[in-house]
Each structure stands twice: as C-alpha cells, then as structure tokens.
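Colleague: Sharing a structure below in structure tokens format, with a few things to ask.
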Amino acid sequence: MSQFVAALIASGTILLVILATDLGHRRVTTMRMLRSVLAVAVVIAIFVHSLPTQGNDLSLQLVGIGTGLICGLIAGALLPAHRRESGEIFTTGGIGYALVWIVVSAGRVVFAYGAEHWFTEDLVRFSIDYKISGPDTYANTFVFMALAMVLTRTTVLMSKMRKLTSAADRTEVAR
C-alpha cells in the first residue's frame, strides 16, 4: 500500500469518526470520548509497523506528537461545553472546530501525496541530510500526531466536563 493511500485511509477514518462524534450539539458520554481514541488505536495497529529510532527518527516523531498536542488544544478550545439543568453536559461543534480537523487531516494526505509525486527527491535529500531513516518514520509521525490530537481533545473535553460538574456541585452546596 502506498504512503498516500495509507494516509488517506488513516486520516479519513479519524476525520470521519471525529466529525460524526463532535459536530453539532452532542451529549458528552464516556463512549463518545472512547470512540475516537479507539479509532486512533485501530489506525495505529494497522499502520504502525515499527518504531524507527535511528538518527533523528525519534525527534521527528516527537515533533508529530507536539504538533498533535497543539492542534488538539486548538480543537478543544473550539468545542464549547455547557451543562443543562438536567445535569447532562453537551458540546457544540461548529464550523471552526470542523475546519481544524479538516485542515490537519488534509495536510497529512497532501504531504503523503507530495512525498510520492511532487517532492520525492527533495524528501529523500532531506531524510539523508537530517538522518531520517525512511517512510516508516514519516508515517509514524503523522499517526502519532493524530493520536496526540485526539487524546488532547479528549483531555480538554474531560477537563471541561469536570469544571462544569464541579461548578454545579458548588452551586448545589451553596443553596
């Protein structure tokens, strides 16, 4: 399977699960949060075949994780949460939230396509110059980026849920 096809399948799967789970007015449930994490876990099981550690492989993979953390924080900030009188917590995923996920997913796919069709020689030269061992390192970098983004979004969502629950508990105690 080509890098492009792998990136398309992985990014498309994660994007579809996230958008189906978060767009619109949605109740926060444990299964909702786990569904996206499970999707990424499946993608990792399918597409991560090794953990390259030569040269700067780990550094590049850590950059992917860091980028995913930042993008996950941005996505989480664009997913407002509120508590209804019934006690249920809901989020509202709008166009800004969707655009973050679409742009990041499209970026991964475009890079994979470009690596095969537009800048193959430049990427090989870059890999040699910076001691990147090969395609598995780049694939892992993007999969780890997606995992970090989903986990960070989930952590932000759990934090919002705790704050809303704590605020409601303090309000009830004050009555």
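Labeling convention for the structure tokens: chains A, B, ... as they appear, residues from 1 per chain, ligands from 1 in order of appearance.
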Would you return as a count of residues only the members of range 2-155 of chain A that DSSP assigns to strand (DSSP E) on this structure's backbone?

Modeller: 12

Colleague: Could the residues of range 100-157 of chain A that have an atom at most 12 Å from range 55-58 of chain A be listed as a Markdown table, each with its closest atom pair and the distance in Å to one decimal, counting only C-alpha atoms and ordered by chain and ascending residue number?

Modeller:
| residue | atom | partner | partner_atom | distance |
| --- | --- | --- | --- | --- |
| A:Phe126 | CA | A:Asn56 | CA | 11.4 |
| A:Ser127 | CA | A:Asn56 | CA | 9.2 |
| A:Ile128 | CA | A:Gly55 | CA | 9.8 |
| A:Asp129 | CA | A:Asn56 | CA | 10.2 |
| A:Tyr130 | CA | A:Asn56 | CA | 6.6 |
| A:Lys131 | CA | A:Gly55 | CA | 4.8 |
| A:Ile132 | CA | A:Asp57 | CA | 5.3 |
| A:Ser133 | CA | A:Asp57 | CA | 6.6 |
| A:Gly134 | CA | A:Asp57 | CA | 8.6 |
| A:Pro135 | CA | A:Asp57 | CA | 10.4 |
| A:Asp136 | CA | A:Asp57 | CA | 9.4 |
| A:Thr137 | CA | A:Asp57 | CA | 6.0 |
| A:Tyr138 | CA | A:Asp57 | CA | 8.6 |
| A:Ala139 | CA | A:Asp57 | CA | 11.1 |
| A:Asn140 | CA | A:Asp57 | CA | 9.6 |
| A:Thr141 | CA | A:Asp57 | CA | 8.9 |
| A:Phe144 | CA | A:Leu58 | CA | 11.3 |

Colleague: What does the distance between CA of Ile74 in chain A and CA of Met145 in chain A come to in Å, to one decimal place?

Modeller: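 Straight-line distance from CA of Ile74 in chain A to CA of Met145 in chain A works out to 13.7 Å.
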
Colleague: Give me, as a PyMOL selection string, all polymer residues having an atom no more than 9 Å from Glu88 in chain A, counting only C-alpha atoms and skipping those fewer than 5 positions away in the same chain.

Modeller: chain A and resi 27-28+82-83

Colleague: Filtering to N, CA and C atoms, could you give me those residues as a PDB file, in the first residue's frame?

Modeller:
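selection_0.pdb, freshly written:
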ATOM      1  N   ARG A  27     -24.285  15.275  23.371  1.00  0.00           N
ATOM      2  CA  ARG A  27     -24.127  14.966  24.792  1.00  0.00           C
ATOM      3  C   ARG A  27     -22.765  14.309  25.006  1.00  0.00           C
ATOM      4  N   VAL A  28     -22.107  14.669  26.093  1.00  0.00           N
ATOM      5  CA  VAL A  28     -20.806  14.087  26.430  1.00  0.00           C
ATOM      6  C   VAL A  28     -21.047  12.775  27.176  1.00  0.00           C
ATOM      7  N   HIS A  82     -21.369  22.952  27.798  1.00  0.00           N
ATOM      8  CA  HIS A  82     -22.290  23.563  28.751  1.00  0.00           C
ATOM      9  C   HIS A  82     -23.115  22.460  29.420  1.00  0.00           C
ATOM     10  N   ARG A  83     -23.659  22.818  30.559  1.00  0.00           N
ATOM     11  CA  ARG A  83     -24.425  21.862  31.358  1.00  0.00           C
ATOM     12  C   ARG A  83     -25.886  22.289  31.363  1.00  0.00           C
TER      13      ARG A  83
END

Colleague: Just list as an MDAnalysis selection string whatever in chain A DSSP marks as helix (DSSP H, G or I).

Modeller: chainID A and resid 3:22 30:47 57:77 95:117 120:129 135:174

Colleague: Nearest residue to Val143 in chain A out of A:Ala7, A:Leu123, A:Cys71, A:Val17, using only C-alpha atoms?

Modeller: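 With only C-alpha atoms as the atom set, the closest residue is A:Ala7.
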
Colleague: Using only C-alpha atoms, which residue out of A:Leu23, A:Ile102, A:Leu147, A:Met33 lies closest to Val48 in chain A?

Modeller: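 So, comparing all the options, the nearest one is A:Leu147.
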
Colleague: If you count only C-alpha atoms, which residues fall within 10 Å of range 18-21 of chain A, apart from same-chain ones fewer than 6 positions away, as a PDB file with C-alpha atoms, in the first residue's frame?

Modeller:
ATOM      1  CA  GLY A  12     -10.127   9.846   6.553  1.00  0.00           C
ATOM      2  CA  ARG A  27     -24.127  14.966  24.792  1.00  0.00           C
ATOM      3  CA  VAL A  28     -20.806  14.087  26.430  1.00  0.00           C
ATOM      4  CA  MET A  31     -18.429   6.085  24.865  1.00  0.00           C
ATOM      5  CA  ARG A  32     -18.293   9.263  22.821  1.00  0.00           C
ATOM      6  CA  MET A  33     -14.844  10.063  24.176  1.00  0.00           C
ATOM      7  CA  ARG A  35     -14.879   6.058  20.260  1.00  0.00           C
ATOM      8  CA  SER A  36     -12.340   8.475  18.807  1.00  0.00           C
ATOM      9  CA  VAL A  37      -9.488   7.081  20.913  1.00  0.00           C
ATOM     10  CA  ALA A  39     -10.410   4.709  16.120  1.00  0.00           C
ATOM     11  CA  GLY A  93     -19.009  21.536  17.479  1.00  0.00           C
ATOM     12  CA  GLY A  94     -19.235  24.155  14.762  1.00  0.00           C
ATOM     13  CA  TYR A  97     -13.924  23.003  15.008  1.00  0.00           C
ATOM     14  CA  ALA A  98     -14.580  21.070  11.803  1.00  0.00           C
ATOM     15  CA  TRP A 101      -9.767  18.734  11.800  1.00  0.00           C
ATOM     16  CA  ILE A 102     -10.280  19.018   8.041  1.00  0.00           C
ATOM     17  CA  VAL A 150      -7.367  13.092  19.589  1.00  0.00           C
TER      18      VAL A 150
END

Colleague: Tell me, in Å to one decimal, how far CA of Thr30 in chain A is from CA of Gly64 in chain A.

Modeller: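 About the pair CA of Thr30 in chain A and CA of Gly64 in chain A: they are 26.6 Å apart.
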
Colleague: Given the choices A:Met149, A:Val40, A:Ala115, A:Met158, which gets closest to Phe4 in chain A if the distance is worked out from only C-alpha atoms?

Modeller: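 Looking at the shortest contact to Phe4 in chain A, the residue is A:Ala115.
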
Colleague: Looking at A:Ile95, A:Phe142, A:Ala77, A:Leu157, which one is nearest to Arg108 in chain A, with distances taken over only C-alpha atoms?

Modeller: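 Ranking A:Ile95, A:Phe142, A:Ala77, A:Leu157 by distance to Arg108 in chain A, first place goes to A:Phe142.
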
Colleague: What separation in Å, quoted to one decimal, exists between CA of Ala10 in chain A and CA of Arg153 in chain A?

Modeller: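 These two atoms are separated by 17.8 Å.
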